[in-house]
Every structure is written in C-alpha cells, then in structure tokens.
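Participant: Input file: work-v4.pdb. Contents: PDB, C-alpha atoms.
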ATOM      1  CA  VAL A 873      25.899  -4.765  -9.724  1.00  0.00           C
ATOM      2  CA  LEU A 874      26.191  -3.923  -6.049  1.00  0.00           C
ATOM      3  CA  GLY A 875      26.505  -7.630  -5.250  1.00  0.00           C
ATOM      4  CA  GLN A 876      29.420  -8.350  -7.571  1.00  0.00           C
ATOM      5  CA  GLN A 877      32.096 -10.426  -5.819  1.00  0.00           C
ATOM      6  CA  ILE A 878      30.946  -9.594  -2.278  1.00  0.00           C
ATOM      7  CA  THR A 879      28.752 -11.231   0.333  1.00  0.00           C
ATOM      8  CA  VAL A 880      25.003 -10.774   0.431  1.00  0.00           C
ATOM      9  CA  ALA A 881      25.383  -8.859   3.708  1.00  0.00           C
ATOM     10  CA  ALA A 882      27.890  -6.452   2.152  1.00  0.00           C
ATOM     11  CA  ALA A 883      25.621  -5.956  -0.874  1.00  0.00           C
ATOM     12  CA  ARG A 884      22.710  -5.156   1.450  1.00  0.00           C
ATOM     13  CA  THR A 885      24.840  -2.580   3.245  1.00  0.00           C
ATOM     14  CA  LEU A 886      25.839  -0.885  -0.026  1.00  0.00           C
ATOM     15  CA  THR A 887      22.246  -0.945  -1.243  1.00  0.00           C
ATOM     16  CA  ALA A 888      20.996   0.618   1.994  1.00  0.00           C
ATOM     17  CA  ARG A 889      23.588   3.398   1.701  1.00  0.00           C
ATOM     18  CA  LEU A 890      22.718   4.049  -1.945  1.00  0.00           C
ATOM     19  CA  VAL A 891      18.975   4.077  -1.298  1.00  0.00           C
ATOM     20  CA  GLY A 892      19.392   6.180   1.837  1.00  0.00           C
ATOM     21  CA  HIS A 893      21.462   8.773   0.006  1.00  0.00           C
ATOM     22  CA  LEU A 894      19.824   8.882  -3.434  1.00  0.00           C
ATOM     23  CA  GLY A 895      16.427   7.186  -3.140  1.00  0.00           C
ATOM     24  CA  ALA A 896      13.184   9.138  -3.252  1.00  0.00           C
ATOM     25  CA  THR A 897      11.273   9.289   0.027  1.00  0.00           C
ATOM     26  CA  LEU A 898       8.015   7.377   0.192  1.00  0.00           C
ATOM     27  CA  PRO A 899       4.984   8.927   1.853  1.00  0.00           C
ATOM     28  CA  THR A 900       4.589   7.806   5.465  1.00  0.00           C
ATOM     29  CA  GLY A 901       1.508   6.785   7.374  1.00  0.00           C
ATOM     30  CA  THR A 902       0.884   3.446   5.666  1.00  0.00           C
ATOM     31  CA  GLY A 903       0.295   1.829   9.025  1.00  0.00           C
ATOM     32  CA  MET A 904       2.787  -0.943   8.294  1.00  0.00           C
ATOM     33  CA  ASP A 905       5.599  -1.672  10.725  1.00  0.00           C
ATOM     34  CA  ALA A 906       9.049  -1.692   9.133  1.00  0.00           C
ATOM     35  CA  ALA A 907       7.644  -0.573   5.778  1.00  0.00           C
ATOM     36  CA  PRO A 908      10.175   0.783   3.275  1.00  0.00           C
ATOM     37  CA  THR A 909      10.663   4.531   3.525  1.00  0.00           C
ATOM     38  CA  ARG A 910      12.635   5.101   0.319  1.00  0.00           C
ATOM     39  CA  LEU A 911      12.673   3.875  -3.272  1.00  0.00           C
ATOM     40  CA  PHE A 912      15.742   2.616  -5.117  1.00  0.00           C
ATOM     41  CA  PRO A 913      17.119   5.537  -7.158  1.00  0.00           C
ATOM     42  CA  SER A 914      15.861   5.807 -10.723  1.00  0.00           C
ATOM     43  CA  ALA A 915      18.145   5.477 -13.732  1.00  0.00           C
ATOM     44  CA  GLN A 916      17.780   9.228 -14.246  1.00  0.00           C
ATOM     45  CA  VAL A 917      19.001   9.967 -10.718  1.00  0.00           C
ATOM     46  CA  LEU A 918      21.882   7.491 -10.985  1.00  0.00           C
ATOM     47  CA  ALA A 919      22.967   8.808 -14.407  1.00  0.00           C
ATOM     48  CA  ARG A 920      23.322  12.307 -12.894  1.00  0.00           C
ATOM     49  CA  THR A 921      25.230  11.094  -9.836  1.00  0.00           C
ATOM     50  CA  PRO A 922      28.971  11.831  -9.828  1.00  0.00           C
ATOM     51  CA  ALA A 923      31.168   8.742  -9.466  1.00  0.00           C
ATOM     52  CA  ASP A 924      32.862  10.238  -6.390  1.00  0.00           C
ATOM     53  CA  THR A 925      29.467  10.340  -4.641  1.00  0.00           C
ATOM     54  CA  LEU A 926      29.142   6.601  -5.228  1.00  0.00           C
ATOM     55  CA  GLY A 927      32.706   6.190  -4.001  1.00  0.00           C
ATOM     56  CA  ARG A 928      31.901   7.953  -0.730  1.00  0.00           C
ATOM     57  CA  LEU A 929      29.144   5.380  -0.216  1.00  0.00           C
ATOM     58  CA  GLY A 930      31.770   2.607  -0.384  1.00  0.00           C
ATOM     59  CA  ILE A 931      31.125   1.532  -3.970  1.00  0.00           C
ATOM     60  CA  VAL A 932      34.389   0.622  -5.724  1.00  0.00           C
ATOM     61  CA  ARG A 933      35.356   2.151  -9.083  1.00  0.00           C
ATOM     62  CA  GLN A 934      34.452  -0.847 -11.255  1.00  0.00           C
ATOM     63  CA  ARG A 935      30.940  -0.956  -9.781  1.00  0.00           C
ATOM     64  CA  GLN A 936      30.639   2.823 -10.051  1.00  0.00           C
ATOM     65  CA  ALA A 937      31.416   2.575 -13.768  1.00  0.00           C
ATOM     66  CA  ALA A 938      28.907  -0.239 -14.244  1.00  0.00           C
ATOM     67  CA  ILE A 939      26.115   1.539 -12.343  1.00  0.00           C
ATOM     68  CA  LEU A 940      26.624   4.770 -14.255  1.00  0.00           C
ATOM     69  CA  ALA A 941      26.935   3.008 -17.629  1.00  0.00           C
ATOM     70  CA  ILE A 942      23.733   1.011 -17.067  1.00  0.00           C
ATOM     71  CA  ALA A 943      21.839   4.097 -15.902  1.00  0.00           C
ATOM     72  CA  GLN A 944      23.039   6.155 -18.882  1.00  0.00           C
ATOM     73  CA  ALA A 945      22.197   3.378 -21.350  1.00  0.00           C
ATOM     74  CA  ILE A 946      18.667   3.174 -19.915  1.00  0.00           C
ATOM     75  CA  CYS A 947      18.228   6.963 -20.050  1.00  0.00           C
ATOM     76  CA  GLU A 948      19.452   7.069 -23.647  1.00  0.00           C
ATOM     77  CA  GLY A 949      17.114   4.241 -24.677  1.00  0.00           C
ATOM     78  CA  ARG A 950      19.966   1.849 -25.557  1.00  0.00           C
ATOM     79  CA  LEU A 951      18.994  -0.607 -22.826  1.00  0.00           C
ATOM     80  CA  ASP A 952      15.588  -1.808 -21.673  1.00  0.00           C
ATOM     81  CA  LEU A 953      15.404  -3.669 -18.387  1.00  0.00           C
ATOM     82  CA  GLN A 954      11.644  -4.037 -18.245  1.00  0.00           C
ATOM     83  CA  SER A 955      10.363  -7.546 -17.704  1.00  0.00           C
ATOM     84  CA  LEU A 956       9.101  -7.859 -21.296  1.00  0.00           C
ATOM     85  CA  ALA A 957      12.443  -6.913 -22.885  1.00  0.00           C
ATOM     86  CA  ALA A 958      14.154  -9.507 -25.067  1.00  0.00           C
ATOM     87  CA  PRO A 959      16.568 -11.255 -22.689  1.00  0.00           C
ATOM     88  CA  GLN A 960      19.312 -12.225 -25.141  1.00  0.00           C
ATOM     89  CA  ALA A 961      19.438  -8.733 -26.669  1.00  0.00           C
ATOM     90  CA  SER A 962      19.518  -7.161 -23.207  1.00  0.00           C
ATOM     91  CA  ILE A 963      22.303  -9.514 -22.082  1.00  0.00           C
ATOM     92  CA  THR A 964      24.338  -8.612 -25.156  1.00  0.00           C
ATOM     93  CA  ARG A 965      23.859  -4.878 -24.526  1.00  0.00           C
ATOM     94  CA  LEU A 966      24.701  -5.278 -20.853  1.00  0.00           C
ATOM     95  CA  ARG A 967      27.927  -7.160 -21.663  1.00  0.00           C
ATOM     96  CA  GLU A 968      29.034  -4.238 -23.843  1.00  0.00           C
ATOM     97  CA  LEU A 969      28.995  -1.898 -20.834  1.00  0.00           C
ATOM     98  CA  PRO A 970      32.027  -1.361 -18.594  1.00  0.00           C
ATOM     99  CA  GLY A 971      32.057  -3.451 -15.432  1.00  0.00           C
ATOM    100  CA  VAL A 972      29.305  -5.800 -16.605  1.00  0.00           C
ATOM    101  CA  GLY A 973      30.405  -9.382 -17.108  1.00  0.00           C
ATOM    102  CA  ALA A 974      28.543 -12.584 -17.765  1.00  0.00           C
ATOM    103  CA  TRP A 975      27.540 -13.125 -14.109  1.00  0.00           C
ATOM    104  CA  THR A 976      26.057  -9.637 -13.775  1.00  0.00           C
ATOM    105  CA  ALA A 977      24.252  -9.777 -17.123  1.00  0.00           C
ATOM    106  CA  GLN A 978      22.728 -13.179 -16.292  1.00  0.00           C
ATOM    107  CA  TYR A 979      21.757 -12.055 -12.788  1.00  0.00           C
ATOM    108  CA  ILE A 980      20.034  -8.951 -14.191  1.00  0.00           C
ATOM    109  CA  ALA A 981      18.255 -11.144 -16.753  1.00  0.00           C
ATOM    110  CA  MET A 982      17.078 -13.395 -13.934  1.00  0.00           C
ATOM    111  CA  ARG A 983      15.942 -10.660 -11.557  1.00  0.00           C
ATOM    112  CA  ALA A 984      15.015  -7.571 -13.586  1.00  0.00           C
ATOM    113  CA  LEU A 985      13.932  -9.203 -16.827  1.00  0.00           C
ATOM    114  CA  ARG A 986      12.403 -12.184 -14.995  1.00  0.00           C
ATOM    115  CA  TRP A 987      13.851 -14.505 -17.618  1.00  0.00           C
ATOM    116  CA  PRO A 988      13.292 -18.098 -16.487  1.00  0.00           C
ATOM    117  CA  ASP A 989      16.350 -19.430 -18.348  1.00  0.00           C
ATOM    118  CA  ALA A 990      19.026 -17.045 -17.074  1.00  0.00           C
ATOM    119  CA  PHE A 991      22.010 -18.871 -15.624  1.00  0.00           C
ATOM    120  CA  PRO A 992      24.955 -17.185 -13.824  1.00  0.00           C
ATOM    121  CA  ALA A 993      27.341 -20.093 -14.394  1.00  0.00           C
ATOM    122  CA  ALA A 994      30.253 -18.406 -12.605  1.00  0.00           C
ATOM    123  CA  ASP A 995      28.366 -17.907  -9.323  1.00  0.00           C
ATOM    124  CA  VAL A 996      30.437 -19.231  -6.406  1.00  0.00           C
ATOM    125  CA  ALA A 997      27.412 -19.938  -4.193  1.00  0.00           C
ATOM    126  CA  LEU A 998      25.878 -21.931  -7.055  1.00  0.00           C
ATOM    127  CA  HIS A 999      29.102 -23.950  -7.384  1.00  0.00           C
ATOM    128  CA  LYS A1000      29.030 -24.724  -3.669  1.00  0.00           C
ATOM    129  CA  ALA A1001      25.373 -25.721  -3.813  1.00  0.00           C
ATOM    130  CA  LEU A1002      26.095 -28.043  -6.732  1.00  0.00           C
ATOM    131  CA  GLY A1003      29.186 -29.508  -5.057  1.00  0.00           C
ATOM    132  CA  LEU A1004      31.515 -28.302  -7.804  1.00  0.00           C
ATOM    133  CA  ALA A1005      35.178 -27.481  -7.225  1.00  0.00           C
ATOM    134  CA  ARG A1006      37.376 -25.051  -9.103  1.00  0.00           C
ATOM    135  CA  PRO A1007      38.956 -24.605 -11.625  1.00  0.00           C
ATOM    136  CA  ARG A1008      36.257 -25.973 -13.952  1.00  0.00           C
ATOM    137  CA  ALA A1009      33.208 -25.221 -11.802  1.00  0.00           C
ATOM    138  CA  ALA A1010      31.632 -22.685 -14.193  1.00  0.00           C
ATOM    139  CA  ALA A1011      31.972 -24.998 -17.189  1.00  0.00           C
ATOM    140  CA  GLU A1012      30.629 -27.932 -15.178  1.00  0.00           C
ATOM    141  CA  ALA A1013      27.703 -25.850 -13.902  1.00  0.00           C
ATOM    142  CA  GLU A1014      26.901 -24.769 -17.453  1.00  0.00           C
ATOM    143  CA  ALA A1015      26.977 -28.381 -18.648  1.00  0.00           C
ATOM    144  CA  LEU A1016      24.720 -29.538 -15.779  1.00  0.00           C
ATOM    145  CA  SER A1017      22.301 -26.686 -16.431  1.00  0.00           C
ATOM    146  CA  GLN A1018      21.409 -27.875 -19.915  1.00  0.00           C
ATOM    147  CA  ALA A1019      19.042 -30.449 -18.417  1.00  0.00           C
ATOM    148  CA  TRP A1020      17.147 -27.661 -16.646  1.00  0.00           C
ATOM    149  CA  ARG A1021      16.360 -25.571 -19.757  1.00  0.00           C
ATOM    150  CA  PRO A1022      14.232 -23.495 -20.116  1.00  0.00           C
ATOM    151  CA  TRP A1023      13.871 -23.097 -16.327  1.00  0.00           C
ATOM    152  CA  ARG A1024      17.472 -22.602 -15.199  1.00  0.00           C
ATOM    153  CA  SER A1025      16.682 -19.474 -13.144  1.00  0.00           C
ATOM    154  CA  TYR A1026      14.419 -21.585 -10.958  1.00  0.00           C
ATOM    155  CA  ALA A1027      17.153 -24.184 -10.566  1.00  0.00           C
ATOM    156  CA  VAL A1028      19.592 -21.455  -9.494  1.00  0.00           C
ATOM    157  CA  MET A1029      17.166 -20.126  -6.889  1.00  0.00           C
ATOM    158  CA  ARG A1030      16.584 -23.641  -5.589  1.00  0.00           C
ATOM    159  CA  ALA A1031      20.316 -24.323  -5.398  1.00  0.00           C
ATOM    160  CA  TRP A1032      20.943 -21.063  -3.537  1.00  0.00           C
ATOM    161  CA  THR A1033      18.276 -21.838  -0.941  1.00  0.00           C
ATOM    162  CA  ALA A1034      19.435 -25.459  -0.542  1.00  0.00           C
ATOM    163  CA  GLY A1035      22.893 -24.413   0.591  1.00  0.00           C
ATOM    164  CA  PRO A1036      26.261 -26.045  -0.005  1.00  0.00           C
ATOM    165  CA  ALA A1037      26.518 -29.633  -1.100  1.00  0.00           C
ATOM    166  CA  PRO A1038      29.410 -31.786   0.085  1.00  0.00           C
ATOM    167  CA  LEU A1039      32.328 -31.620  -2.348  1.00  0.00           C
ATOM    168  CA  PRO A1040      33.234 -34.845  -4.123  1.00  0.00           C
ATOM    169  CA  GLU A1041      36.287 -36.600  -2.740  1.00  0.00           C
TER     170      GLU A1041
END
I need this file expressed as structure tokens, please.
Facilitator:
Amino acid sequence: VLGQQITVAAARTLTARLVGHLGATLPTGTGMDAAPTRLFPSAQVLARTPADTLGRLGIVRQRQAAILAIAQAICEGRLDLQSLAAPQASITRLRELPGVGAWTAQYIAMRALRWPDAFPAADVALHKALGLARPRAAAEAEALSQAWRPWRSYAVMRAWTAGPAPLPE
C-alpha cells in the first residue's frame, strides 16, 4: 500500500517513517552490523492508529484509508494474509476495501500470500520492462502473461530486475 503510485525510494522513505514511529523495538546485541532495530507495526497497532498520525508521517489520505481498512479487516478476522490463505478469496476481500485496487491486491498476493500466479497487470515498471506503451499496456501485459501461468509472479520479478525494454517503433 505504501508503494502505490510512487517510486521505490519514496515507498522506502514512508516505510522507514512508519516503522520508526509505530514499529516495536527489537532487542539489541545481535552482533550484526546494520541489523534491523524495529519490526513493521502489527495489524493491531495499525488498526488503533489515528489517520492523522499516518498523515503526519507523509502518508496521503487514500493510503491511510487502505492501511487502516486492511489492518481492521485482519483484526476482525475478515481478511487473512498468511501465506497459506486462499489467494483468490483474499484478492476479492482486499478489492472490497477502500483504497485497494487491482494492482495493490495482486501485489499483496504476490508478496504476502506468496502466490506464484499473482500478476499486477497495471504496473508501470512492468510495462516498461515488457516494452509496452500506453494506453493498452495493462491489457497487453495481461494477454502476454497467460503464457506464464501458473508462474506469473516469477515473470514479474524477472521483468522488474531486467529493467526497461526498448519501446516498439
């Protein structure tokens, strides 16, 4: 959710602020250099966080609503984002929440649920990596992805690491 429609660097900044402000502190003395010192906030912590607190961290209203809705749905047992959860059911539940569109639901399915066939067809970096131009890039990406089933998540990761392809002339 924090990475919706922003750069990876901006998403990292927002995540660091959120974790720094709301994340639980990890015990120190692990002996590892640059080891994490805080955990990402739990759904319970996020569900109790006022939206204006998220706003002060630089998180825009739409993302605030999505974060809080996801956290509340998890706390109420309406949403399961464990890796063994049924991906299609989770995607459907996610899409019913405010601020959660197809890209976000597919990205969560790919990362949190570890679903190998998740496919964020509207991802701009994916379009660039595939050499697709707007306005039909999402539809074209979806059509191309059918050959990669049931491993589309792996194809997405490969495309992201490969970088942009030259656009057709």
Participant: Quick one: which residues end up in the PyMOL selection byres ((chain A and resi 894) around 12) for this structure, as a PyMOL selection string?
Facilitator: chain A and resi 886-893+895-897+910-922+925-926+929
Participant: Between A:Ala945, A:Val873, A:Ala1034, A:Val1028, which is the closest to Asp989 of chain A once you count all atoms listed in the file?
Facilitator: A:Val1028
Participant: My list of candidates is A:Met982, A:Ala994, A:Ala1005, A:Ala882. Which is closest to Ala957 of chain A when distances are computed with all atoms listed in the file?
Facilitator: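 Under the stated criterion, the closest residue is A:Met982.
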Participant: Residues at most 10 Å from Ala883 of chain A, counting only C-alpha atoms, excluding those fewer than 6 positions away in the same chain, as a PyMOL selection string?
Facilitator: chain A and resi 873-877+889+931
Participant: Using the chain letters and numbers from this file, what does the PyMOL selection byres ((chain A and resi 958-965) around 12) select? Give the answer as an MDAnalysis selection string.
Facilitator: chainID A and resid 941:942 945:946 949:957 966:970 972:992
Participant: I need the residue set behind the PyMOL selection byres ((chain A and resi 1035) around 12) for this file; please write it as a VMD selection string.
Facilitator: chain A and resid 996 to 1003 1028 to 1034 1036 to 1038
Participant: Could you tell me how far atom CA of Tyr1026 of chain A lies from atom CA of Asp995 of chain A, in Å and to one decimal?
Facilitator: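 Pair atom CA of Tyr1026 of chain A / atom CA of Asp995 of chain A returns 14.5 Å.
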Participant: So how many Å separate atom CA of Thr879 of chain A and atom CA of Leu940 of chain A, to one decimal?
Facilitator: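 So the two atoms, atom CA of Thr879 of chain A and atom CA of Leu940 of chain A, lie 21.8 Å apart.
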Participant: Please report the interatomic distance between atom CA of Cys947 of chain A and atom CA of Val932 of chain A in Å with one decimal.
Facilitator: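 Atom CA of Cys947 of chain A sits 22.5 Å away from atom CA of Val932 of chain A.
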Participant: Hey, which of A:Asp924, A:Leu898, A:Trp1020, A:Arg884 ends up closest to Gln936 of chain A? Count all atoms listed in the file.
Facilitator: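 Closest candidate: A:Asp924.
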